[in-house]
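Heads up, target_36.tsv below (TSV, C-alpha atoms and all ligand atoms):
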chain	number	residue	atom	x	y	z
Q	1	MET	CA	-10.50	26.67	25.03
Q	2	ASN	CA	-10.18	26.04	21.29
Q	3	GLY	CA	-7.40	27.62	19.27
Q	4	PRO	CA	-4.59	29.85	20.46
Q	5	VAL	CA	-5.05	32.26	23.38
Q	6	ILE	CA	-3.21	35.02	21.51
Q	7	VAL	CA	-4.02	35.66	17.88
Q	8	SER	CA	-1.33	37.32	15.80
Q	9	SER	CA	-2.23	36.26	12.29
Q	10	LEU	CA	-5.37	36.47	10.18
Q	11	GLU	CA	-5.71	32.69	10.01
Q	12	ASN	CA	-6.42	32.46	13.72
Q	13	LEU	CA	-9.12	35.12	13.85
Q	14	PRO	CA	-12.72	33.96	14.21
Q	15	PRO	CA	-13.84	33.23	10.60
Q	16	SER	CA	-16.48	35.98	10.45
Q	17	LEU	CA	-13.94	38.53	11.63
Q	18	ALA	CA	-11.32	37.28	9.17
Q	19	ALA	CA	-13.92	37.64	6.40
Q	20	SER	CA	-14.39	41.31	7.33
Q	21	VAL	CA	-10.75	42.18	6.63
Q	22	THR	CA	-10.38	44.45	3.58
Q	23	PRO	CA	-7.53	44.08	1.04
Q	24	GLU	CA	-6.06	47.39	2.29
Q	25	GLU	CA	-6.08	46.15	5.89
Q	26	LYS	CA	-4.52	42.89	4.84
Q	27	ALA	CA	-1.75	44.64	2.94
Q	28	TYR	CA	-1.05	46.94	5.90
Q	29	LEU	CA	-0.99	44.00	8.31
Q	30	GLY	CA	1.74	42.47	6.18
Q	31	THR	CA	4.03	45.46	6.84
Q	32	LEU	CA	3.85	45.37	10.65
Q	33	GLY	CA	6.73	43.00	11.16
Q	34	SER	CA	9.26	45.65	10.19
Q	35	GLY	CA	10.21	49.26	10.76
Q	36	GLY	CA	9.55	49.25	14.50
Q	37	ARG	CA	5.79	49.29	13.88
Q	38	LEU	CA	3.35	48.29	16.59
Q	39	PRO	CA	2.82	44.55	16.16
Q	40	PHE	CA	-0.60	42.99	15.60
Q	41	SER	CA	-1.91	40.73	18.27
Q	42	VAL	CA	-5.16	40.30	20.14
Q	43	THR	CA	-6.39	37.72	22.61
Q	44	SER	CA	-8.99	35.31	21.33
Q	45	HIS	CA	-11.21	36.48	24.20
Q	46	PHE	CA	-11.06	40.12	23.08
Q	47	ALA	CA	-11.46	39.17	19.40
Q	48	SER	CA	-14.60	37.23	20.35
Q	49	LEU	CA	-16.17	40.50	21.57
Q	50	ALA	CA	-15.70	42.16	18.17
Q	51	GLU	CA	-18.28	42.43	15.41
Q	52	PRO	CA	-17.16	41.92	11.81
Q	53	SER	CA	-17.46	45.54	10.74
Q	54	GLY	CA	-14.71	48.08	10.12
Q	55	GLU	CA	-16.59	50.54	12.35
Q	56	ASP	CA	-17.01	48.19	15.29
Q	57	PRO	CA	-15.70	49.84	18.49
Q	58	VAL	CA	-14.01	46.68	19.73
Q	59	ARG	CA	-12.53	45.66	16.37
Q	60	ARG	CA	-11.08	49.12	15.78
Q	61	GLN	CA	-9.16	48.97	19.05
Q	62	PHE	CA	-7.02	46.04	17.96
Q	63	PHE	CA	-7.24	45.70	14.21
Q	64	PRO	CA	-4.44	47.55	12.34
Q	65	ASP	CA	-5.64	50.44	10.19
Q	66	PRO	CA	-3.56	51.80	7.27
Q	67	ARG	CA	-4.23	55.32	8.64
Q	68	GLU	CA	-1.59	54.51	11.27
Q	69	GLU	CA	0.96	55.44	8.62
Q	70	GLU	CA	-0.34	59.03	8.51
Q	71	ARG	CA	1.47	61.49	10.70
Q	72	THR	CA	0.29	64.95	11.70
Q	73	PRO	CA	2.79	67.76	12.39
Q	74	TRP	CA	2.00	67.60	16.12
Q	75	GLU	CA	2.63	63.92	16.62
Q	76	LEU	CA	5.71	62.90	18.56
Q	77	ASP	CA	7.57	59.61	18.95
Q	78	ASP	CA	7.65	60.29	22.69
Q	79	PRO	CA	4.31	62.12	23.14
Q	80	LEU	CA	4.52	62.40	26.93
Q	81	GLY	CA	8.14	63.54	26.87
Q	82	GLU	CA	9.09	60.59	29.05
Q	83	ALA	CA	12.72	60.95	28.01
Q	84	CYS	CA	12.87	64.27	29.93
Q	85	HIS	CA	12.01	62.50	33.17
Q	86	ARG	CA	14.04	59.34	32.71
Q	87	ALA	CA	15.75	58.34	35.94
Q	88	ALA	CA	17.06	54.99	34.63
Q	89	PRO	CA	16.54	53.27	31.27
Q	90	ARG	CA	13.21	51.82	32.39
Q	91	LEU	CA	12.23	54.31	35.09
Q	92	ILE	CA	10.36	57.59	34.67
Q	93	HIS	CA	10.30	59.94	37.65
Q	94	GLN	CA	8.09	62.87	36.77
Q	95	TYR	CA	6.07	63.51	39.93
Q	96	ARG	CA	7.75	63.88	43.28
Q	97	ASP	CA	6.32	60.94	45.20
Q	98	ARG	CA	5.69	58.39	42.43
Q	99	ALA	CA	7.68	56.84	39.63
Q	100	LEU	CA	6.76	54.67	36.67
Q	101	LEU	CA	8.57	51.47	35.74
Q	102	LYS	CA	8.36	50.09	32.21
Q	103	THR	CA	8.57	46.43	33.19
Q	104	THR	CA	8.13	45.09	29.66
Q	105	GLY	CA	7.39	46.14	26.09
Q	106	ILE	CA	5.02	43.21	25.63
Q	107	CYS	CA	1.23	43.22	25.86
Q	108	ALA	CA	-1.30	40.41	25.43
Q	109	GLY	CA	-2.77	42.43	22.58
Q	110	TYR	CA	-1.78	45.78	21.11
Q	111	CYS	CA	-4.13	48.74	21.21
Q	112	ARG	CA	-3.79	50.59	17.94
Q	113	TYR	CA	-3.91	53.97	19.69
Q	114	CYS	CA	-1.16	53.05	22.19
Q	115	PHE	CA	0.75	56.19	23.23
Q	116	ARG	CA	3.84	54.14	23.95
Q	117	ARG	CA	3.68	52.57	20.48
Q	118	VAL	CA	7.23	53.50	19.57
Q	119	TRP	CA	8.66	51.81	22.68
Q	120	MET	CA	6.32	48.85	22.14
Q	121	GLY	CA	7.64	48.52	18.59
Q	122	THR	CA	11.10	47.79	20.04
Q	123	ARG	CA	9.60	44.61	21.59
Q	124	GLU	CA	11.70	44.86	24.73
Q	125	GLY	CA	11.09	41.92	27.05
Q	126	PHE	CA	10.65	41.75	30.82
Q	127	ILE	CA	13.13	43.85	32.77
Q	128	ARG	CA	16.45	42.06	33.27
Q	129	GLU	CA	18.55	42.07	36.41
Q	130	ASP	CA	21.08	44.51	34.93
Q	131	GLU	CA	18.23	46.87	34.01
Q	132	LEU	CA	16.60	46.55	37.42
Q	133	LYS	CA	19.78	47.35	39.33
Q	134	PRO	CA	19.87	51.10	38.48
Q	135	VAL	CA	16.14	51.29	39.23
Q	136	LEU	CA	16.64	49.87	42.71
Q	137	GLU	CA	19.60	52.16	43.33
Q	138	TYR	CA	17.51	55.15	42.29
Q	139	LEU	CA	14.66	54.13	44.59
Q	140	SER	CA	17.06	53.73	47.50
Q	141	ALA	CA	18.52	57.17	46.84
Q	142	HIS	CA	15.12	58.87	46.50
Q	143	PRO	CA	13.12	58.33	49.67
Q	144	GLU	CA	10.48	60.79	48.46
Q	145	ILE	CA	9.15	58.11	46.09
Q	146	ARG	CA	6.40	56.27	47.91
Q	147	GLU	CA	4.57	54.68	44.98
Q	148	ILE	CA	5.76	52.76	41.96
Q	149	LEU	CA	3.63	52.32	38.86
Q	150	VAL	CA	4.32	48.82	37.60
Q	151	SER	CA	3.60	49.53	33.96
Q	152	GLY	CA	4.81	48.51	30.54
Q	153	GLY	CA	3.64	47.23	28.16
Q	154	ASP	CA	1.55	45.01	30.29
Q	155	PRO	CA	3.28	43.73	33.44
Q	156	LEU	CA	0.86	40.81	33.74
Q	157	THR	CA	2.32	39.24	30.59
Q	158	ALA	CA	5.10	38.17	32.99
Q	159	GLY	CA	4.72	35.04	35.08
Q	160	ASP	CA	3.84	35.00	38.78
Q	161	LYS	CA	7.40	34.11	39.70
Q	162	GLN	CA	8.87	37.03	37.74
Q	163	LEU	CA	6.33	39.39	39.26
Q	164	GLY	CA	6.90	38.13	42.80
Q	165	GLY	CA	10.65	38.51	42.28
Q	166	LEU	CA	10.21	42.07	41.02
Q	167	PHE	CA	7.89	43.07	43.87
Q	168	GLY	CA	10.38	41.62	46.36
Q	169	GLU	CA	13.26	43.63	44.88
Q	170	LEU	CA	11.24	46.84	44.83
Q	171	ARG	CA	10.23	46.37	48.46
Q	172	ARG	CA	13.80	45.57	49.46
Q	173	ALA	CA	14.93	48.84	47.89
Q	174	ARG	CA	12.02	50.73	49.42
Q	175	PRO	CA	10.12	48.98	52.21
Q	176	GLY	CA	6.39	49.63	52.09
Q	177	ILE	CA	6.40	51.21	48.63
Q	178	LEU	CA	2.87	51.20	47.18
Q	179	LEU	CA	2.62	49.01	44.09
Q	180	ARG	CA	0.29	50.29	41.37
Q	181	ILE	CA	-0.22	47.57	38.76
Q	182	CYS	CA	-1.24	49.14	35.43
Q	183	SER	CA	-2.74	46.51	33.14
Q	184	ARG	CA	-5.25	45.76	30.44
Q	185	ILE	CA	-5.06	42.01	31.02
Q	186	PRO	CA	-8.12	41.65	33.28
Q	187	VAL	CA	-10.12	42.89	30.28
Q	188	VAL	CA	-8.37	41.19	27.37
Q	189	LEU	CA	-7.15	37.98	29.03
Q	190	PRO	CA	-9.30	37.34	32.11
Q	191	SER	CA	-7.97	33.77	32.40
Q	192	ARG	CA	-4.59	35.26	33.43
Q	193	ILE	CA	-6.10	36.53	36.70
Q	194	THR	CA	-5.84	33.19	38.48
Q	195	SER	CA	-6.39	32.61	42.17
Q	196	GLU	CA	-2.58	32.25	42.46
Q	197	LEU	CA	-2.05	35.69	40.95
Q	198	ILE	CA	-4.66	37.20	43.25
Q	199	ALA	CA	-2.96	35.52	46.23
Q	200	LEU	CA	0.33	37.06	45.08
Q	201	PHE	CA	-1.30	40.49	44.94
Q	202	ARG	CA	-2.67	40.00	48.46
Q	203	GLU	CA	0.74	39.01	49.71
Q	204	TRP	CA	2.28	42.22	48.35
Q	205	ARG	CA	-0.26	44.73	49.60
Q	206	PRO	CA	-0.34	47.71	49.70
Q	207	LEU	CA	-1.10	47.10	46.04
Q	208	ARG	CA	-3.68	48.64	43.74
Q	209	MET	CA	-4.68	47.92	40.20
Q	210	VAL	CA	-5.43	50.39	37.45
Q	211	VAL	CA	-7.19	48.66	34.61
Q	212	HIS	CA	-7.53	50.09	31.11
Q	213	LEU	CA	-11.13	49.78	29.90
Q	214	ASN	CA	-12.82	51.74	27.12
Q	215	HIS	CA	-16.25	50.42	26.18
Q	216	PRO	CA	-19.20	48.77	27.97
Q	217	ARG	CA	-18.92	45.79	25.59
Q	218	GLU	CA	-15.56	45.01	27.19
Q	219	LEU	CA	-17.39	44.18	30.43
Q	220	ALA	CA	-17.95	40.57	29.36
Q	221	PRO	CA	-19.25	37.98	31.88
Q	222	GLN	CA	-15.76	36.43	32.31
Q	223	ILE	CA	-14.28	39.70	33.44
Q	224	LEU	CA	-17.05	40.49	35.89
Q	225	SER	CA	-16.02	37.49	37.98
Q	226	VAL	CA	-12.37	38.54	37.73
Q	227	PHE	CA	-13.17	41.98	39.14
Q	228	ALA	CA	-15.36	40.45	41.86
Q	229	ALA	CA	-12.48	38.16	42.88
Q	230	LEU	CA	-9.97	41.03	42.98
Q	231	ILE	CA	-12.27	43.18	45.07
Q	232	ASP	CA	-13.12	40.29	47.41
Q	233	ALA	CA	-9.39	39.85	47.93
Q	234	GLY	CA	-9.10	43.46	49.07
Q	235	ILE	CA	-7.36	44.74	45.95
Q	236	PRO	CA	-8.68	48.20	45.03
Q	237	VAL	CA	-9.33	48.45	41.29
Q	238	HIS	CA	-9.36	51.76	39.41
Q	239	VAL	CA	-10.28	52.27	35.78
Q	240	GLN	CA	-8.63	54.42	33.17
Q	241	THR	CA	-10.22	55.05	29.82
Q	242	VAL	CA	-8.92	56.63	26.64
Q	243	LEU	CA	-11.37	58.90	24.83
Q	244	LEU	CA	-11.46	57.44	21.31
Q	245	LYS	CA	-13.20	58.85	18.24
Q	246	GLY	CA	-15.98	56.62	16.97
Q	247	ILE	CA	-15.43	54.19	19.86
Q	248	ASN	CA	-16.54	55.86	23.08
Q	249	ASP	CA	-16.91	59.56	22.24
Q	250	SER	CA	-20.48	59.82	23.47
Q	251	PRO	CA	-21.57	61.05	26.92
Q	252	GLU	CA	-24.33	58.43	27.12
Q	253	LEU	CA	-21.98	55.58	26.30
Q	254	LEU	CA	-19.36	56.78	28.77
Q	255	ALA	CA	-22.06	57.22	31.41
Q	256	GLU	CA	-23.10	53.60	30.89
Q	257	LEU	CA	-19.48	52.44	31.13
Q	258	PHE	CA	-18.66	54.35	34.32
Q	259	ARG	CA	-21.97	53.51	36.01
Q	260	GLU	CA	-21.38	49.82	35.36
Q	261	CYS	CA	-17.84	50.16	36.71
Q	262	ALA	CA	-19.07	51.86	39.87
Q	263	ASP	CA	-21.74	49.18	40.34
Q	264	LEU	CA	-19.00	46.54	40.15
Q	265	GLY	CA	-16.99	48.35	42.81
Q	266	LEU	CA	-14.39	49.72	40.40
Q	267	THR	CA	-13.40	53.36	40.68
Q	268	PRO	CA	-13.36	55.37	37.44
Q	269	TYR	CA	-10.07	57.25	37.70
Q	270	TYR	CA	-8.98	58.96	34.48
Q	271	LEU	CA	-10.60	59.65	31.12
Q	272	PHE	CA	-7.66	60.54	28.89
Q	273	GLN	CA	-7.67	62.92	26.00
Q	274	GLY	CA	-5.74	61.27	23.15
Q	275	ASP	CA	-1.98	61.61	23.30
Q	276	LEU	CA	-0.12	62.79	20.23
Q	277	ALA	CA	1.37	59.40	19.39
Q	278	PRO	CA	2.35	58.95	15.72
Q	279	GLY	CA	-0.40	57.61	13.46
Q	280	THR	CA	-3.24	57.98	15.97
Q	281	ALA	CA	-5.07	61.08	14.64
Q	282	HIS	CA	-7.98	58.92	13.45
Q	283	PHE	CA	-8.61	58.03	17.12
Q	284	ARG	CA	-8.34	61.51	18.58
Q	285	VAL	CA	-11.38	63.51	19.60
Q	286	PRO	CA	-10.78	67.25	19.14
Q	287	LEU	CA	-10.18	68.85	22.51
Q	288	GLU	CA	-13.22	71.11	22.30
Q	289	ALA	CA	-15.48	68.15	21.50
Q	290	GLY	CA	-13.92	66.24	24.42
Q	291	LEU	CA	-14.67	69.12	26.79
Q	292	ALA	CA	-18.29	69.18	25.58
Q	293	ILE	CA	-18.62	65.40	26.11
Q	294	TYR	CA	-17.23	65.72	29.63
Q	295	ARG	CA	-19.51	68.64	30.47
Q	296	HIS	CA	-22.47	66.50	29.48
Q	297	LEU	CA	-21.13	63.38	31.21
Q	298	ARG	CA	-20.89	65.25	34.52
Q	299	LYS	CA	-24.63	65.78	34.42
Q	300	LEU	CA	-25.33	62.11	33.70
Q	301	VAL	CA	-23.38	60.30	36.40
Q	302	SER	CA	-22.87	60.37	40.13
Q	303	GLY	CA	-19.64	61.92	41.35
Q	304	LEU	CA	-18.66	58.39	42.42
Q	305	ALA	CA	-18.72	57.26	38.79
Q	306	LEU	CA	-17.01	60.31	37.27
Q	307	PRO	CA	-13.35	60.00	36.29
Q	308	VAL	CA	-11.10	63.03	35.91
Q	309	TYR	CA	-10.82	64.12	32.27
Q	310	ALA	CA	-7.11	64.70	31.77
Q	311	VAL	CA	-4.38	65.10	29.22
Q	312	ASP	CA	-0.72	64.35	29.48
Q	313	LEU	CA	0.75	67.57	28.10
Q	314	PRO	CA	2.65	66.79	24.90
Q	315	GLY	CA	6.38	67.04	25.38
Q	316	GLY	CA	6.59	66.30	29.11
Q	317	GLY	CA	4.48	68.96	30.84
Q	318	GLY	CA	2.70	66.37	32.95
Q	319	LYS	CA	-0.92	65.39	33.49
Q	320	ILE	CA	-3.48	68.11	33.94
Q	321	PRO	CA	-7.21	67.88	34.53
Q	322	LEU	CA	-9.14	69.33	31.60
Q	323	HIS	CA	-12.03	71.69	32.05
Q	324	ASP	CA	-13.21	74.79	30.26
Q	325	ARG	CA	-10.68	76.96	32.06
Q	326	SER	CA	-7.70	74.77	31.11
Q	327	ILE	CA	-7.46	76.55	27.78
Q	328	ALA	CA	-5.33	79.61	28.42
Q	329	GLY	CA	-5.41	80.79	24.82
Q	330	GLU	CA	-5.04	79.78	21.22
Q	331	ARG	CA	-2.82	80.73	18.32
Q	332	ARG	CA	-2.25	80.08	14.64
Q	333	THR	CA	1.01	78.38	13.76
Q	334	PRO	CA	2.44	77.17	10.43
Q	335	ARG	CA	1.29	73.64	11.32
Q	336	GLY	CA	-2.26	74.85	12.05
Q	337	PRO	CA	-4.30	76.31	14.89
Q	338	GLU	CA	-3.44	75.21	18.42
Q	339	TYR	CA	-4.57	75.72	21.98
Q	340	LEU	CA	-2.33	76.79	24.82
Q	341	LEU	CA	-2.89	74.73	27.95
Q	342	ARG	CA	-1.59	75.67	31.37
Q	343	GLY	CA	0.70	73.10	32.96
Q	344	PRO	CA	0.81	72.26	36.68
Q	345	ASP	CA	3.56	74.87	37.21
Q	346	GLY	CA	1.75	77.57	35.21
Q	347	SER	CA	3.83	77.14	32.04
Q	348	LEU	CA	2.07	77.01	28.65
Q	349	TRP	CA	1.97	73.96	26.36
Q	350	SER	CA	0.55	73.48	22.86
Q	351	TYR	CA	-2.16	71.03	21.89
Q	352	PRO	CA	-3.64	70.96	18.37
Q	353	LYS	CA	-7.08	72.50	17.91
Q	354	GLU	CA	-8.31	69.97	15.37
Q	355	THR	CA	-6.61	66.61	15.92
R	1	LIG	C1	0.45	59.11	35.03
R	1	LIG	C2	1.75	59.01	35.60
R	1	LIG	C3	1.95	58.86	36.97
R	1	LIG	C4	0.82	58.78	37.94
R	1	LIG	O1	0.06	59.94	38.03
R	1	LIG	P1	-1.29	59.92	38.88
R	1	LIG	O2	-1.86	61.26	38.63
R	1	LIG	O3	-0.90	59.66	40.29
R	1	LIG	O4	-2.12	58.81	38.34
R	1	LIG	C5	3.23	58.79	37.45
R	1	LIG	N1	4.29	58.86	36.61
R	1	LIG	C6	4.14	59.01	35.29
R	1	LIG	C7	5.36	59.11	34.44
R	1	LIG	C8	2.88	59.08	34.74
R	1	LIG	O5	2.74	59.21	33.40
R	2	LIG	S1	-2.29	47.62	26.83
R	2	LIG	FE1	-1.44	49.68	27.20
R	2	LIG	S2	0.73	49.51	26.69
R	2	LIG	FE2	-0.30	47.72	25.80
R	2	LIG	S3	-0.78	48.32	23.70
R	2	LIG	FE3	-2.58	48.81	24.96
R	2	LIG	S4	-2.29	50.97	25.54
R	2	LIG	FE4	-0.28	50.19	24.83
Re-express the file's structure as structure tokens.
Ligand SMILES: *Cc1c(COP(=O)(O)O)cnc(C)c1O
Ligand code: SF4
Amino acid sequence: MNGPVIVSSLENLPPSLAASVTPEEKAYLGTLGSGGRLPFSVTSHFASLAEPSGEDPVRRQFFPDPREEERTPWELDDPLGEACHRAAPRLIHQYRDRALLKTTGICAGYCRYCFRRVWMGTREGFIREDELKPVLEYLSAHPEIREILVSGGDPLTAGDKQLGGLFGELRRARPGILLRICSRIPVVLPSRITSELIALFREWRPLRMVVHLNHPRELAPQILSVFAALIDAGIPVHVQTVLLKGINDSPELLAELFRECADLGLTPYYLFQGDLAPGTAHFRVPLEAGLAIYRHLRKLVSGLALPVYAVDLPGGGGKIPLHDRSIAGERRTPRGPEYLLRGPDGSLWSYPKET
């Protein structure tokens, strides 16, 4: 391969893409090194899928946009309320039988709509021994946890040895715990999914992958062979997608994406309504429009290719499936009109009506 694998400056972008950068974008890019902002980086593979236009659905996912500085009254630093369910500094235990581990604050490339953007801005590295210790103690003390989401950041930015070490510790604390690897790397850095990594995954089964994938153009030839290899190795692969304005907010496009996934043997799992992360309003599809897209999508695809449309209730209410009956009411507030959504326990949570 020519040039760096990870691109984090304009100079290393493909020339046509670099030429498409506006003065405003360039100025904004220059500010990202400070103030805990989400860094800029993209893999050269993912950048190669982008077209040199500000509207391009691949380019918009990774190229910093000055609108990220705009904040709506609903946006929260911790949009999912993860702090309410923190069991240890890196561990979130929100649902009885599964817990989520933030293994690292590093990703191969940064998605501009990332809901964990504030944590990512801290640039925390791979979990250290002293950080893992309370996690293992918690797992030992909570036998109801039978699944651990190995999340981040992107856990596959760590090396095989680090990952094997982590899996070993988790299984020592809780024999047989199901490992759910949450990653975008198969899509943005397919070369990372080596035969050694796949062998490691096999060794640590039961293990499943949930891959973050948003647009049919991301299904490049290199990643098709990666998915085929994972599936051949007996690793179930699920897909989660973020509904993004101007990127994939069309039932036909989503139908194409999920059909292709199903044909490849991947299971569409979740289609997420945008979280209220700061500076992401330009990516959010209004809830009512999202419901209409999903209603249409259901008619276009087989049940086998249909993910669950869901939202993580802002402030820590948990994930709920979204359908027309999820909206329990609406009200006007000083910050604007909002919907009331019913949480898993029947409690009511706000979500903005516009974005
Ligand atoms: C999404 C999530 C899970 C997993 O939920 P599933 O519905 O099983 O996918 C677990 N813990 C946290 C904190 C989550 O955000
Ligand atoms: S891969 Fe996930 S954690 Fe990393 S920037 Fe994208 S959305 Fe955020």
Site check for ligand LIG 1 (chain R): residues at most 8 Å away, all atoms listed in the file, as a PyMOL selection string: chain Q and resi 80+82+85+92-95+98-100+148-149+270+312+318-319
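If you measure from each of Q:Pro15, Q:Pro186, Q:Pro337, Q:Gly176 to ligand LIG 2 (chain R) using all atoms listed in the file, the closest one turns out to be Q:Pro186.
Going from atom CA of Pro23 of chain Q to atom CA of Phe63 of chain Q covers 13.3 Å.
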Selection within 7 Å of ligand LIG 2 (chain R) by only C-alpha atoms and all ligand atoms, output as a PyMOL selection string: chain Q and resi 106-107+109-117+152-154+183-184
Two-atom distance - atom CA of Pro134 of chain Q, atom CA of Leu197 of chain Q (Å): 26.9 Å
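Every protein, DNA or RNA residue with an atom at most 9 Å from Leu300 of chain Q, where all atoms listed in the file count and chain neighbours fewer than 6 positions away do not, is listed here: Pro251, Glu252 and Ala255 of chain Q.
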Expected answer as a ChimeraX atom specification: all residues with atoms within 12 Å of (11.4, 61.6, 20.7), only C-alpha atoms: /Q:75-84,116-119,276-278,314-316
Distance criterion (all atoms listed in the file): nearest to Ile145 of chain Q out of Q:Glu124, Q:Asp97, Q:Asp275, Q:Asp160: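 Closest to Ile145 of chain Q of all the choices is Q:Asp97.
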Distance table requested - segment 144-187 of chain Q against segment 126-133 of chain Q, cut-off 9 Å, only C-alpha atoms: one row per qualifying residue with the closest atom pair and its distance in Å to one decimal, ordered by chain and rising residue number, as a tab-separated table.
residue	atom	partner	partner_atom	distance
Q:Gly152	CA	Q:Phe126	CA	8.9
Q:Pro155	CA	Q:Phe126	CA	8.1
Q:Thr157	CA	Q:Phe126	CA	8.7
Q:Ala158	CA	Q:Phe126	CA	7.0
Q:Gln162	CA	Q:Phe126	CA	8.6
Q:Leu166	CA	Q:Leu132	CA	8.6
Q:Glu169	CA	Q:Leu132	CA	8.7
